[in-house]
Structures are given as structure tokens and as C-alpha cells.
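Visitor: I am sharing start.txt, which consists of compact mmCIF, C-alpha atoms and all ligand atoms:
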# COMPACT_ATOMS: atom_id res chain seq x y z
CA MET A 852 20.87 -7.72 2.12
CA LEU A 853 17.90 -5.54 2.60
CA ALA A 854 18.14 -2.57 4.75
CA GLU A 855 17.94 -2.25 8.43
CA SER A 856 15.36 0.46 8.29
CA SER A 857 11.79 0.02 9.28
CA THR A 858 8.53 1.80 9.64
CA ASP A 859 10.25 4.58 11.51
CA LEU A 860 11.40 5.73 8.08
CA VAL A 861 7.88 5.77 6.85
CA PRO A 862 5.92 8.76 7.95
CA PHE A 863 2.52 7.21 7.78
CA ILE A 864 0.14 7.16 10.60
CA ALA A 865 1.78 4.90 13.10
CA ALA A 866 0.71 4.09 16.61
CA GLY A 867 1.78 6.79 18.98
CA GLY A 868 2.56 9.48 16.47
CA VAL A 869 -0.64 9.99 14.63
CA GLY A 870 -1.33 13.68 15.09
CA LEU A 871 2.16 15.02 14.79
CA VAL A 872 3.32 13.01 11.83
CA ALA A 873 0.22 13.56 9.77
CA THR A 874 0.22 17.25 10.55
CA ALA A 875 3.85 17.61 9.53
CA SER A 876 3.08 15.77 6.35
CA VAL A 877 0.27 18.08 5.41
CA ILE A 878 2.15 21.25 6.27
CA LEU A 879 5.16 20.22 4.22
CA TRP A 880 2.91 19.17 1.38
CA ARG A 881 1.62 22.71 1.11
CA ALA A 882 5.10 24.22 1.12
CA ARG A 883 6.28 21.79 -1.51
CA LYS A 884 3.29 22.31 -3.70
CA SER A 885 3.96 25.99 -4.02
CA ALA A 886 7.69 25.44 -4.54
CA ALA A 887 7.07 22.90 -7.26
CA THR A 888 4.51 24.95 -9.11
CA THR A 889 6.43 28.21 -9.06
CA SER A 890 9.69 26.97 -10.56
CA THR A 891 9.69 23.55 -12.09
CA PRO A 892 12.47 23.35 -14.64
CA VAL A 893 12.11 20.91 -17.51
CA GLU A 894 15.27 19.32 -18.74
CA GLN A 895 15.60 17.24 -21.91
CA LYS A 896 17.53 14.08 -21.05
CA SER A 897 17.25 12.15 -24.28
CA ALA A 898 15.01 12.03 -27.30
CA ASN A 899 12.59 9.83 -25.40
CA THR A 900 12.96 10.77 -21.79
CA GLN A 901 12.16 13.96 -19.98
CA VAL A 902 13.33 14.79 -16.51
CA VAL A 903 11.09 17.24 -14.77
CA GLY A 904 11.61 18.90 -11.44
CA ASN A 905 14.51 19.96 -9.35
CA VAL A 906 14.96 18.21 -6.07
CA ASP A 907 17.45 20.71 -4.69
CA ALA A 908 15.03 23.55 -5.16
CA VAL A 909 12.29 21.95 -3.10
CA ASP A 910 14.13 19.67 -0.73
CA VAL A 911 12.95 20.31 2.82
CA ALA A 912 11.18 23.41 1.60
CA ALA A 913 9.83 24.12 5.05
CA PRO A 914 10.82 22.89 8.47
CA ILE A 915 8.75 20.03 9.76
CA THR A 916 6.67 21.47 12.50
CA THR A 917 5.07 19.56 15.32
CA GLU A 918 2.37 22.13 15.75
CA VAL A 919 -1.05 20.50 15.67
CA ALA A 920 -3.35 21.82 12.97
CA PRO A 921 -6.89 21.17 14.19
CA HIS A 922 -8.50 21.09 10.72
CA VAL A 923 -6.47 18.11 9.49
CA GLU A 924 -8.60 15.01 9.23
CA LEU A 925 -6.59 11.93 10.06
CA PRO A 926 -7.37 8.64 8.38
CA ASN A 927 -8.21 5.88 10.76
CA VAL A 928 -8.85 2.23 9.94
CA ARG A 929 -11.63 1.99 12.49
CA ASP A 930 -13.61 4.82 10.92
CA ARG A 931 -12.69 4.36 7.28
CA ALA A 932 -12.98 0.58 6.97
CA GLY A 933 -16.58 0.92 8.02
CA ARG A 934 -18.10 -1.69 5.71
CA THR A 935 -15.82 -4.52 6.83
CA ARG A 936 -16.10 -3.36 10.41
CA SER A 937 -19.89 -3.29 10.51
CA LEU A 938 -20.07 -6.73 8.88
CA PHE A 939 -18.07 -8.20 11.77
CA VAL A 940 -19.35 -6.04 14.59
CA ASN A 941 -23.02 -6.68 13.76
CA ALA A 942 -22.59 -10.44 13.46
CA PHE A 943 -20.54 -10.68 16.65
CA GLN A 944 -23.04 -8.62 18.61
CA SER A 945 -25.84 -11.13 18.11
CA ILE A 946 -23.58 -14.17 18.62
CA ARG A 947 -22.11 -12.79 21.83
CA SER A 948 -25.46 -12.60 23.57
CA ARG A 949 -26.55 -16.18 22.81
CA ASN A 950 -25.63 -19.71 23.72
CA VAL A 951 -23.46 -21.54 21.23
CA ASP A 952 -25.46 -23.70 18.83
CA ALA A 953 -25.43 -24.68 15.16
CA SER A 954 -26.54 -21.21 14.08
CA THR A 955 -23.49 -19.69 15.80
CA TRP A 956 -21.16 -21.59 13.49
CA ASP A 957 -23.28 -20.83 10.42
CA GLU A 958 -23.23 -17.13 11.20
CA LEU A 959 -19.52 -17.06 11.94
CA GLU A 960 -18.71 -18.90 8.74
CA GLU A 961 -20.97 -16.67 6.70
CA THR A 962 -19.39 -13.55 8.16
CA LEU A 963 -15.86 -14.75 7.44
CA LEU A 964 -16.81 -15.71 3.89
CA LEU A 965 -18.61 -12.43 3.22
CA ALA A 966 -15.45 -10.63 4.32
CA ASP A 967 -13.56 -12.76 1.76
CA ILE A 968 -11.32 -14.51 4.23
CA GLY A 969 -11.72 -17.59 2.04
CA ILE A 970 -13.15 -21.00 2.81
CA GLY A 971 -9.79 -22.63 3.61
CA LEU A 972 -8.81 -20.15 6.27
CA ALA A 973 -12.37 -19.85 7.63
CA THR A 974 -12.36 -23.62 8.23
CA ARG A 975 -8.93 -23.51 9.83
CA LEU A 976 -10.09 -20.75 12.16
CA LEU A 977 -13.44 -22.25 13.14
CA ASP A 978 -12.68 -25.99 13.44
CA PRO A 979 -10.48 -25.68 16.55
CA LEU A 980 -13.11 -23.44 18.16
CA ARG A 981 -15.82 -26.02 17.50
CA GLN A 982 -13.60 -28.60 19.13
CA SER A 983 -12.99 -26.37 22.14
CA VAL A 984 -16.74 -25.96 22.61
CA LYS A 985 -17.19 -29.74 22.41
CA ASP A 986 -14.41 -30.20 24.96
CA GLY A 987 -16.07 -27.70 27.26
CA ASP A 988 -13.15 -25.28 27.10
CA LEU A 989 -15.30 -22.57 25.53
CA ARG A 990 -18.87 -22.12 26.64
CA SER A 991 -20.53 -18.83 25.77
CA GLY A 992 -20.83 -17.00 22.48
CA ASP A 993 -18.68 -14.30 24.00
CA GLU A 994 -15.88 -16.79 24.73
CA VAL A 995 -16.04 -18.09 21.18
CA ILE A 996 -15.71 -14.56 19.77
CA GLN A 997 -12.75 -13.85 22.06
CA ALA A 998 -11.07 -17.07 20.94
CA LEU A 999 -11.72 -16.18 17.30
CA ARG A 1000 -10.12 -12.81 17.87
CA THR A 1001 -7.03 -14.45 19.33
CA ALA A 1002 -6.83 -16.88 16.41
CA MET A 1003 -7.23 -14.13 13.81
CA THR A 1004 -4.63 -11.96 15.53
CA ALA A 1005 -2.20 -14.88 15.48
CA GLN A 1006 -2.64 -15.13 11.70
CA LEU A 1007 -1.15 -11.66 11.31
CA SER A 1008 1.41 -11.68 14.07
CA SER A 1009 4.74 -12.61 12.61
CA THR A 1010 5.31 -10.78 9.35
CA ASP A 1011 7.89 -8.12 8.62
CA ARG A 1012 6.01 -5.04 7.50
CA ALA A 1013 8.98 -2.70 7.26
CA LEU A 1014 9.47 -0.70 4.08
CA HIS A 1015 13.13 -0.93 3.23
CA LEU A 1016 15.14 2.16 2.56
CA ASP A 1017 18.90 1.88 2.85
CA ALA A 1018 21.24 4.86 2.81
CA ALA A 1019 24.02 2.59 1.53
CA GLU A 1020 22.04 1.55 -1.52
CA MET A 1021 21.30 4.87 -3.19
CA PRO A 1022 19.07 5.17 -5.02
CA ASN A 1023 16.57 2.81 -3.46
CA VAL A 1024 13.93 1.68 -5.92
CA TRP A 1025 10.38 0.79 -5.01
CA LEU A 1026 8.32 -0.65 -7.86
CA PHE A 1027 4.53 -0.68 -7.94
CA VAL A 1028 2.76 -3.46 -9.78
CA GLY A 1029 -0.80 -4.70 -10.10
CA VAL A 1030 -3.83 -5.01 -12.34
CA ASN A 1031 -5.60 -2.02 -13.89
CA GLY A 1032 -7.11 0.66 -11.74
CA VAL A 1033 -6.15 -0.73 -8.34
CA GLY A 1034 -4.47 2.48 -7.18
CA LYS A 1035 -0.78 2.14 -8.10
CA THR A 1036 -0.28 5.72 -9.26
CA THR A 1037 -2.30 7.18 -6.40
CA THR A 1038 -0.32 5.13 -3.89
CA ILE A 1039 2.94 6.45 -5.34
CA GLY A 1040 1.62 9.97 -4.88
CA LYS A 1041 0.68 9.26 -1.28
CA ILE A 1042 4.04 7.65 -0.49
CA ALA A 1043 5.96 10.49 -2.10
CA THR A 1044 4.00 12.98 -0.03
CA ALA A 1045 4.75 11.11 3.16
CA GLN A 1046 8.42 10.51 2.37
CA ALA A 1047 8.91 14.13 1.34
CA ALA A 1048 7.53 15.15 4.72
CA ARG A 1049 10.39 13.20 6.26
CA GLY A 1050 12.90 15.02 4.12
CA THR A 1051 13.52 12.00 1.88
CA SER A 1052 14.19 13.08 -1.68
CA VAL A 1053 11.97 11.25 -4.15
CA LEU A 1054 11.92 10.75 -7.91
CA MET A 1055 8.94 9.28 -9.72
CA ALA A 1056 9.55 7.28 -12.89
CA ALA A 1057 6.56 6.93 -15.19
CA GLY A 1058 7.00 3.31 -16.22
CA ASP A 1059 3.38 3.24 -17.37
CA THR A 1060 4.09 4.14 -20.97
CA PHE A 1061 0.91 2.50 -22.13
CA ARG A 1062 -1.10 5.74 -22.10
CA ALA A 1063 0.18 9.33 -22.16
CA ALA A 1064 -2.44 10.23 -19.56
CA ALA A 1065 -0.83 7.83 -17.09
CA ALA A 1066 2.42 9.79 -17.08
CA GLU A 1067 0.50 13.04 -16.75
CA GLN A 1068 -1.41 11.69 -13.77
CA LEU A 1069 1.87 10.75 -12.10
CA GLN A 1070 3.37 14.13 -12.94
CA VAL A 1071 0.55 15.88 -11.08
CA TRP A 1072 1.46 13.85 -7.99
CA ALA A 1073 5.15 14.70 -8.51
CA GLU A 1074 4.37 18.40 -8.61
CA ARG A 1075 2.17 18.18 -5.53
CA SER A 1076 4.74 16.33 -3.48
CA GLY A 1077 7.82 18.13 -4.81
CA ALA A 1078 9.29 14.95 -6.27
CA SER A 1079 11.40 14.87 -9.41
CA PHE A 1080 9.80 13.19 -12.37
CA VAL A 1081 10.99 11.19 -15.35
CA ARG A 1082 8.80 10.06 -18.19
CA GLY A 1083 9.27 8.40 -21.57
CA ALA A 1084 7.50 8.43 -24.89
CA GLU A 1085 4.05 6.87 -25.09
CA GLY A 1086 4.45 3.22 -26.09
CA GLY A 1087 8.13 3.29 -25.10
CA ASP A 1088 10.00 0.63 -23.15
CA PRO A 1089 8.99 0.86 -19.47
CA ALA A 1090 12.26 -0.67 -18.30
CA SER A 1091 14.22 2.12 -20.05
CA VAL A 1092 12.12 4.80 -18.39
CA ILE A 1093 12.66 3.28 -14.96
CA PHE A 1094 16.38 2.95 -15.68
CA ASP A 1095 16.60 6.58 -16.85
CA GLY A 1096 14.81 7.58 -13.65
CA ILE A 1097 17.33 5.67 -11.55
CA GLN A 1098 20.27 7.24 -13.38
CA SER A 1099 18.79 10.68 -12.94
CA ALA A 1100 18.21 10.01 -9.24
CA ALA A 1101 21.79 8.78 -8.82
CA ALA A 1102 23.15 11.89 -10.54
CA LYS A 1103 21.11 14.16 -8.27
CA GLY A 1104 21.67 12.20 -5.09
CA VAL A 1105 17.98 11.37 -4.79
CA THR A 1106 17.33 8.68 -2.19
CA LEU A 1107 14.16 7.01 -3.40
CA VAL A 1108 12.85 6.18 -6.87
CA LEU A 1109 9.17 5.25 -7.07
CA GLY A 1110 8.57 3.32 -10.28
CA ASP A 1111 5.04 3.26 -11.67
CA THR A 1112 4.04 0.48 -14.06
CA ALA A 1113 1.07 -0.03 -16.34
CA GLY A 1114 -1.81 -2.08 -14.97
CA ARG A 1115 -1.87 -5.56 -16.45
CA LEU A 1116 -3.73 -8.80 -16.11
CA GLN A 1117 -1.79 -11.45 -14.28
CA ASN A 1118 -2.57 -14.07 -16.92
CA LYS A 1119 -1.01 -12.13 -19.82
CA SER A 1120 2.36 -13.79 -20.00
CA ASN A 1121 3.98 -11.22 -22.32
CA LEU A 1122 3.06 -8.42 -19.93
CA MET A 1123 4.33 -10.38 -16.96
CA GLU A 1124 7.60 -10.91 -18.85
CA GLU A 1125 7.78 -7.15 -19.39
CA LEU A 1126 7.44 -6.69 -15.64
CA LYS A 1127 10.25 -9.17 -14.97
CA LYS A 1128 12.44 -7.12 -17.28
CA VAL A 1129 11.54 -3.89 -15.49
CA ARG A 1130 12.57 -5.46 -12.22
CA ARG A 1131 15.82 -6.87 -13.64
CA VAL A 1132 16.81 -3.58 -15.19
CA ALA A 1133 15.86 -1.57 -12.11
CA ASP A 1134 18.11 -3.77 -10.00
CA LYS A 1135 21.20 -2.96 -12.08
CA ALA A 1136 23.66 -0.47 -10.66
CA PRO A 1137 23.21 2.22 -9.53
CA GLY A 1138 19.72 1.17 -8.44
CA THR A 1139 18.69 -1.38 -5.85
CA VAL A 1140 15.15 -2.67 -5.82
CA ASN A 1141 14.27 -2.76 -2.15
CA GLU A 1142 10.53 -3.08 -2.50
CA VAL A 1143 8.19 -4.49 -5.12
CA LEU A 1144 4.79 -3.49 -3.85
CA LEU A 1145 1.80 -5.29 -5.24
CA VAL A 1146 -1.20 -3.02 -5.13
CA ILE A 1147 -4.47 -4.85 -4.57
CA ASP A 1148 -7.93 -3.30 -4.57
CA ALA A 1149 -9.74 -4.53 -1.46
CA THR A 1150 -13.09 -4.41 -3.24
CA THR A 1151 -11.96 -7.32 -5.45
CA GLY A 1152 -11.63 -9.63 -2.44
CA GLN A 1153 -10.53 -13.18 -3.20
CA ASN A 1154 -9.73 -12.29 -6.83
CA GLY A 1155 -6.82 -10.35 -5.42
CA LEU A 1156 -5.37 -13.62 -4.21
CA SER A 1157 -4.94 -15.13 -7.66
CA GLN A 1158 -3.50 -11.83 -8.88
CA ALA A 1159 -1.03 -11.88 -6.03
CA LYS A 1160 0.19 -15.39 -6.84
CA GLU A 1161 1.07 -14.51 -10.44
CA PHE A 1162 2.64 -11.15 -9.65
CA ALA A 1163 4.67 -12.68 -6.84
CA ALA A 1164 5.98 -15.34 -9.21
CA ALA A 1165 6.98 -12.73 -11.80
CA THR A 1166 8.54 -10.04 -9.64
CA ASP A 1167 9.33 -11.28 -6.13
CA VAL A 1168 6.73 -9.11 -4.49
CA THR A 1169 7.94 -7.85 -1.12
CA GLY A 1170 4.65 -6.54 0.17
CA VAL A 1171 1.06 -5.65 -0.57
CA VAL A 1172 -0.60 -2.27 -0.53
CA LEU A 1173 -4.29 -2.92 0.02
CA THR A 1174 -6.20 0.04 -1.39
CA LYS A 1175 -9.82 1.12 -1.16
CA LEU A 1176 -10.39 -0.53 2.18
CA ASP A 1177 -12.60 2.50 2.79
CA GLY A 1178 -15.11 1.23 0.22
CA SER A 1179 -14.98 -2.50 0.83
CA ALA A 1180 -16.62 -5.06 3.08
CA LYS A 1181 -14.02 -7.57 1.91
CA GLY A 1182 -11.24 -6.53 4.28
CA GLY A 1183 -10.87 -10.17 5.34
CA ILE A 1184 -8.66 -10.51 2.28
CA VAL A 1185 -5.84 -9.20 4.50
CA PHE A 1186 -5.84 -12.52 6.37
CA ALA A 1187 -6.01 -14.54 3.17
CA ILE A 1188 -3.10 -12.67 1.55
CA GLU A 1189 -0.87 -13.15 4.54
CA THR A 1190 -1.71 -16.73 5.39
CA GLU A 1191 -2.19 -18.20 1.93
CA LEU A 1192 0.69 -16.37 0.27
CA GLY A 1193 2.97 -15.31 3.09
CA ILE A 1194 3.19 -11.78 1.66
CA PRO A 1195 2.90 -9.05 4.27
CA VAL A 1196 0.30 -6.35 3.86
CA LYS A 1197 2.44 -3.27 4.45
CA LEU A 1198 0.18 -0.33 3.70
CA VAL A 1199 -3.52 0.27 3.51
CA GLY A 1200 -5.31 2.85 1.36
CA LEU A 1201 -8.23 4.52 3.06
CA GLY A 1202 -9.26 7.14 0.52
CA GLU A 1203 -8.17 9.16 -2.48
CA SER A 1204 -6.27 12.01 -0.83
CA ALA A 1205 -2.54 12.33 -0.29
CA GLU A 1206 -2.74 11.48 3.40
CA ASP A 1207 -5.10 8.51 3.02
CA LEU A 1208 -2.46 5.82 3.34
CA VAL A 1209 -1.48 4.18 6.61
CA VAL A 1210 0.94 1.55 7.75
CA PHE A 1211 -1.00 -1.65 8.25
CA ASP A 1212 -1.30 -2.27 11.96
CA PRO A 1213 -2.71 -5.79 12.61
CA ALA A 1214 -3.71 -5.07 16.20
CA GLU A 1215 -5.59 -1.93 15.20
CA PHE A 1216 -7.26 -3.74 12.31
CA VAL A 1217 -8.39 -6.71 14.40
CA ALA A 1218 -9.59 -4.37 17.14
CA ALA A 1219 -11.68 -2.49 14.58
CA LEU A 1220 -13.41 -5.75 13.64
CA PHE A 1221 -14.07 -6.94 17.18
CA GLU A 1222 -14.76 -3.82 19.23
N1 LIG B 1 -11.58 5.16 -2.17
C1 LIG B 1 -10.32 4.96 -2.56
N2 LIG B 1 -9.98 5.21 -3.83
C2 LIG B 1 -8.70 4.98 -4.19
C3 LIG B 1 -7.73 4.51 -3.28
N3 LIG B 1 -6.56 4.39 -3.96
C4 LIG B 1 -6.80 4.78 -5.23
N4 LIG B 1 -8.09 5.12 -5.38
C5 LIG B 1 -8.78 5.57 -6.60
O1 LIG B 1 -8.76 4.53 -7.57
C6 LIG B 1 -8.73 5.05 -8.87
C7 LIG B 1 -7.61 4.41 -9.66
O2 LIG B 1 -6.40 4.83 -9.10
P1 LIG B 1 -5.03 4.85 -9.91
O3 LIG B 1 -3.98 5.27 -8.97
O4 LIG B 1 -5.18 5.61 -11.18
O5 LIG B 1 -4.89 3.30 -10.24
P2 LIG B 1 -3.76 2.59 -11.11
O6 LIG B 1 -3.53 1.26 -10.51
O7 LIG B 1 -2.58 3.48 -11.25
O8 LIG B 1 -4.52 2.45 -12.51
P3 LIG B 1 -3.88 2.07 -13.94
O9 LIG B 1 -2.63 2.86 -14.08
O10 LIG B 1 -4.94 2.45 -14.92
O11 LIG B 1 -3.64 0.59 -13.92
C8 LIG B 1 -8.59 6.55 -8.71
O12 LIG B 1 -9.85 7.14 -8.86
C9 LIG B 1 -8.08 6.72 -7.29
O13 LIG B 1 -8.42 7.96 -6.73
C10 LIG B 1 -8.13 4.25 -1.92
O14 LIG B 1 -7.37 3.82 -1.05
N5 LIG B 1 -9.44 4.50 -1.62
MG MG B 2 -1.59 4.14 -12.91
Let's see the structure in the file written out as C-alpha cells.
Guide:
Amino acid sequence: MLAESSTDLVPFIAAGGVGLVATASVILWRARKSAATTSTPVEQKSANTQVVGNVDAVDVAAPITTEVAPHVELPNVRDRAGRTRSLFVNAFQSIRSRNVDASTWDELEETLLLADIGIGLATRLLDPLRQSVKDGDLRSGDEVIQALRTAMTAQLSSTDRALHLDAAEMPNVWLFVGVNGVGKTTTIGKIATAQAARGTSVLMAAGDTFRAAAAEQLQVWAERSGASFVRGAEGGDPASVIFDGIQSAAAKGVTLVLGDTAGRLQNKSNLMEELKKVRRVADKAPGTVNEVLLVIDATTGQNGLSQAKEFAAATDVTGVVLTKLDGSAKGGIVFAIETELGIPVKLVGLGESAEDLVVFDPAEFVAALFE
């Protein structure tokens, strides 16, 4: 059974707590950064695995304060997802002010397709609206847009977006999978920062053994966030590194292991087999895999959908992290991922900094497209 916990365990920017949570996160980040850089012990675990960092030394290094720091810039879907937003807002503006005719449907379809919602879903959204106009139930362009908003909101309404963290299943393991360069390592860094701000102890396991630089990149994030860190030899077995990380976390009483993996193409069957093994090994005692997060780059649009299918088949993906929404007009992919695949989008990346990750809030997202 997966855990009872929900987004309240995840200190991202959630409705109602934006200022305080983000501020706490940033303040603790600073305290942890200095703690981690002043005294980071390096311990040899085995010939191939190094454990770096000492959770006890940095755990809750500073009290979480609710004081508001005015200089902290908070990420916001409405502002950051500007390219997707302006695509919708501009199209809707002209449609709203006109009577409904053939060009209305052409423009709506074009907008949905440009946003990479996909032809199947675009048709399923627009056909009932066309019918309602024929039946006289919808008359103006404005009414059509309102009805589209309701229909799009309904597409996102019923998924479980909770990130599962269970105190009874220590250590919890969250694995990060996806094709090259989508933002897996960066997302781990962001999540560690946010979890650390909540006082959750974190260990990062560098399961990307493909390049030495990958482990070093992750280690930088570990030092910044005060997380422990385990890496293996370049070219080593990723499953062993993740397993060593879990054992180390169990020995130290660390709650959450974030397992990085090398980027891979979804059609390389040997690499997908490797990922299955990582997941299998990570799920052995003492670890419990509570999340397998597929990281998808929003700028790749519909291509992300075929990636998702293959990764989901290999690793039982529990959720999607949609990164780089800040640089993409293809944010409609959110609807396609959820409706075509039934995988919830749990987090959204809105930039490259530690705080640029938010819980996906469907109402906020839809509002950003329509208002
Ligand atoms: N604008 C923007 N850039 C991002 C976001 N997330 C990650 N990036 C950037 O994307 C690039 C790749 O990020 P990585 O975290 O290295 O990606 P990865 O999936 O680990 O890459 P590989 O390990 O090579 O497969 C970096 O330059 C990140 O800063 C995001 O939400 N927005
Ligand atoms: Mg990486």
C-alpha cells in the first residue's frame, strides 16, 4: 500500500501557502549550504561506492521561519508559462468578441494543436461544443470559450497528484527516469531543497553512472541542499549504486532516497531493461519505491507522449514531472499525458533554480490559459 501522505508533505508552492513555504525553503537552503560546504565528510563505503555527506550534521540546520523575505521571487505558472498562456489568451480574445462561425472552430482547433494537446483530444473537446452550438445551447464565442474551459478542467479533475512518503516504509525511494537532458538531475536538486526545508532527511543516489560528470552535477545539488550523497564508479551498475544509497540511508535513518538515472531513449530495449532492474533492486528491503517520476521536457510536446508510454511500461511510472514549461508553448501536453495515458502530472518545472518547481495545480493552470 502506498502511503497516506499527500502534497502537505511536499513543500512546493501550494495554494494558500505560497509566500511562507517558499520563503522557508530559501532560508533553510542558505543555512544548509553553508553547513554542507564547511564540513562534508567523505566516507569510503566500498571499492566502487562513495558516501558523501553527513545528514546528522546538517539536519534542520536552522529553524524554519515564517518571516517573509521580500526579495524572494516566487515561481508562478501564470507568469512563467507565458508562451503557452499567450497562445491561448490571444486566440480566445479574438474568438470571444465574435459570433460563432467556421473560423471559430478552425482557430480553436489550431490553438489546441499548437499547444500540443493532440488531435484526438482536440476532437473530443471540440465536437460536443459544435453540437451544443447546433442545438442552440451555446450561442456566443464567449459561451463557447467558457464551455471549453469547463471541458478542459474536467480532463484534469480526478487524478491523485500526491507524492507518497510513508514514515512506515523507511527509506522511501523516489526514482527519476526519462530521456536525455529533460531535467531529471535538476528536478532531484529542487525536490531535495524543498524536502530539506520541511526537515525531511534526503539522500541522493547517483544512478547515472554513464558519465562521471553526471554524478558530479548531482553532488553539487546534494551539497547545496544538505542531502547525503552516494555515487559509484563511472560505467558501474546503476542498480548497485541505488541499492548502496538505500542501505546507507537505512543505516543513517534517512527518510527519502532520490535516485537519479541516466537519460535514455525509450526505444533502446537494453536500457529499458536496465531501468526495470534498477526499480526491482530499489524495491528490495530496506527500500520501498513509492514514486517513479517520469521527467518530460514540455518543449518536446507530443513526443513526450510516446516516451511516457514506453517508460510507463518499463517502470510503472507513478507520475510525471513536466519541466521547462517556462520555455514552451506546448503546455497542452499536460492534458494529453493525463487523458491519453492516465498518468498524473505531479510537478511542474518553471526554471533552472532550486525553487523553480511547483506542485501542478490544474485549476491554476487552466485559469492561466483562460484569464
Ligand atoms: N528553463 C528550464 N530549464 C530547466 C528546467 N529543468 C531543468 N532545466 C535545465 O535543463 C538542462 C538539463 O537538465 P538536467 O537536470 O541536467 O537534465 P537530465 O535529465 O538530468 O539530463 P541527463 O542526465 O543528461 O539525461 C539544464 O540546463 C537545466 O538547468 C526547467 O524547469 N526550466
Ligand atoms: Mg542527469
Visitor: Which residues form the shell of 6 Å around ligand LIG 1 (chain B) when you count only C-alpha atoms and all ligand atoms, given as a compact mmCIF listing (two decimals) with C-alpha atoms, keeping the file's coordinate frame?
Guide:
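Just written: pocket_30.txt:
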# COMPACT_ATOMS: atom_id res chain seq x y z
CA VAL A 1030 -3.83 -5.01 -12.34
CA ASN A 1031 -5.60 -2.02 -13.89
CA GLY A 1032 -7.11 0.66 -11.74
CA VAL A 1033 -6.15 -0.73 -8.34
CA GLY A 1034 -4.47 2.48 -7.18
CA LYS A 1035 -0.78 2.14 -8.10
CA THR A 1036 -0.28 5.72 -9.26
CA THR A 1037 -2.30 7.18 -6.40
CA ALA A 1113 1.07 -0.03 -16.34
CA GLY A 1114 -1.81 -2.08 -14.97
CA THR A 1174 -6.20 0.04 -1.39
CA LYS A 1175 -9.82 1.12 -1.16
CA ASP A 1177 -12.60 2.50 2.79
CA GLY A 1178 -15.11 1.23 0.22
CA GLY A 1200 -5.31 2.85 1.36
CA LEU A 1201 -8.23 4.52 3.06
CA GLY A 1202 -9.26 7.14 0.52
CA GLU A 1203 -8.17 9.16 -2.48
Visitor: Measuring atom to atom with all atoms listed in the file, identify which of A:Thr1169, A:Ala1045, A:Glu1161, A:Asn927 is nearest to Leu1122 in chain A.
Guide: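 When distances to Leu1122 in chain A are compared using all atoms listed in the file, the smallest one comes from A:Glu1161.
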Visitor: If you count only C-alpha atoms and all ligand atoms, which residues end up within 12 Å of ligand MG 2 (chain B), as a PyMOL selection string?
Guide: chain A and resi 1027-1040+1056-1070+1072+1110-1115+1146
Visitor: Residues at most 12 Å from Lys1041 in chain A, counting all atoms listed in the file, excluding those fewer than 4 positions away in the same chain, as a count of residues only?
Guide: 41
Visitor: Just give me the gap between CA of Ala1018 in chain A and CA of Val1129 in chain A in Å, one decimal is fine.
Guide: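 Between CA of Ala1018 in chain A and CA of Val1129 in chain A the gap works out to 22.5 Å.
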Visitor: At a cut-off of 7 Å, using all atoms listed in the file, what residues contact Ala1180 in chain A? Leave out same-chain residues fewer than 3 positions from it and give the result as a PyMOL selection string.
Guide: chain A and resi 934-935+938+966
Visitor: With C-alpha atoms kept, could you save the residues just selected as a PDB file, keeping the file's coordinate frame?
Guide:
ATOM      1  CA  ARG A 934     -18.100  -1.690   5.710  1.00  0.00           C
ATOM      2  CA  THR A 935     -15.820  -4.520   6.830  1.00  0.00           C
ATOM      3  CA  LEU A 938     -20.070  -6.730   8.880  1.00  0.00           C
ATOM      4  CA  ALA A 966     -15.450 -10.630   4.320  1.00  0.00           C
TER       5      ALA A 966
END
Visitor: Need the shell around Arg947 in chain A: protein/DNA/RNA residues with any atom at most 9 Å away, counting all atoms listed in the file. Skip same-chain ones fewer than 6 positions apart. Format as a list in words?
Guide: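 Result of the neighbour search: Ser991, Gly992, Asp993, Glu994, Val995 and Ile996 of chain A.
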Visitor: Using Å and a single decimal, report how far CA of Glu1085 in chain A sits from CA of Thr1139 in chain A.
Guide: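 We find that CA of Thr1139 in chain A and CA of Glu1085 in chain A lie 25.5 Å from each other.
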Visitor: Considering all atoms listed in the file, can you say which of A:Asn1023, A:Thr955, A:Thr1051, A:Ser1157 comes closest to Ile1097 in chain A?
Guide: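 For Ile1097 in chain A, the nearest of the candidates is A:Asn1023.
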Visitor: For Gly1138 in chain A, which of A:Asp988, A:Glu1020, A:Asp978, A:Asp957 is the closest residue, counting all atoms listed in the file?
Guide: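 Of A:Asp988, A:Glu1020, A:Asp978, A:Asp957, the one nearest Gly1138 in chain A, counting all atoms listed in the file, is A:Glu1020.
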Visitor: Using only the atoms of range 1150-1166 of chain A listed in the file, plus 6 Å on each side, state the axis-aligned box centre and edge lengths in Å rounded to one decimal, as AutoDock Vina command-line options.
Guide:
--center_x -2.3 --center_y -9.9 --center_z -7.1 --size_x 33.6 --size_y 23.0 --size_z 21.4
Visitor: In Å, rounded to a single decimal, give me how far CA of Pro1137 in chain A is from CA of Ala1019 in chain A.
Guide: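 These atoms are spaced 11.1 Å apart.
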Visitor: Return the single residue from A:Phe1221, A:Pro926, A:Phe1186, A:Val1171 that is closest to Val940 in chain A, with distances computed using all atoms listed in the file.
Guide: A:Phe1221
Visitor: Quick one: of A:Glu1142, A:Glu960, A:Asp952, A:Asp1095, who's nearest to Leu1026 in chain A, counting all atoms listed in the file?
Guide: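 Between A:Glu1142, A:Glu960, A:Asp952, A:Asp1095, the residue approaching Leu1026 in chain A most closely is A:Glu1142.
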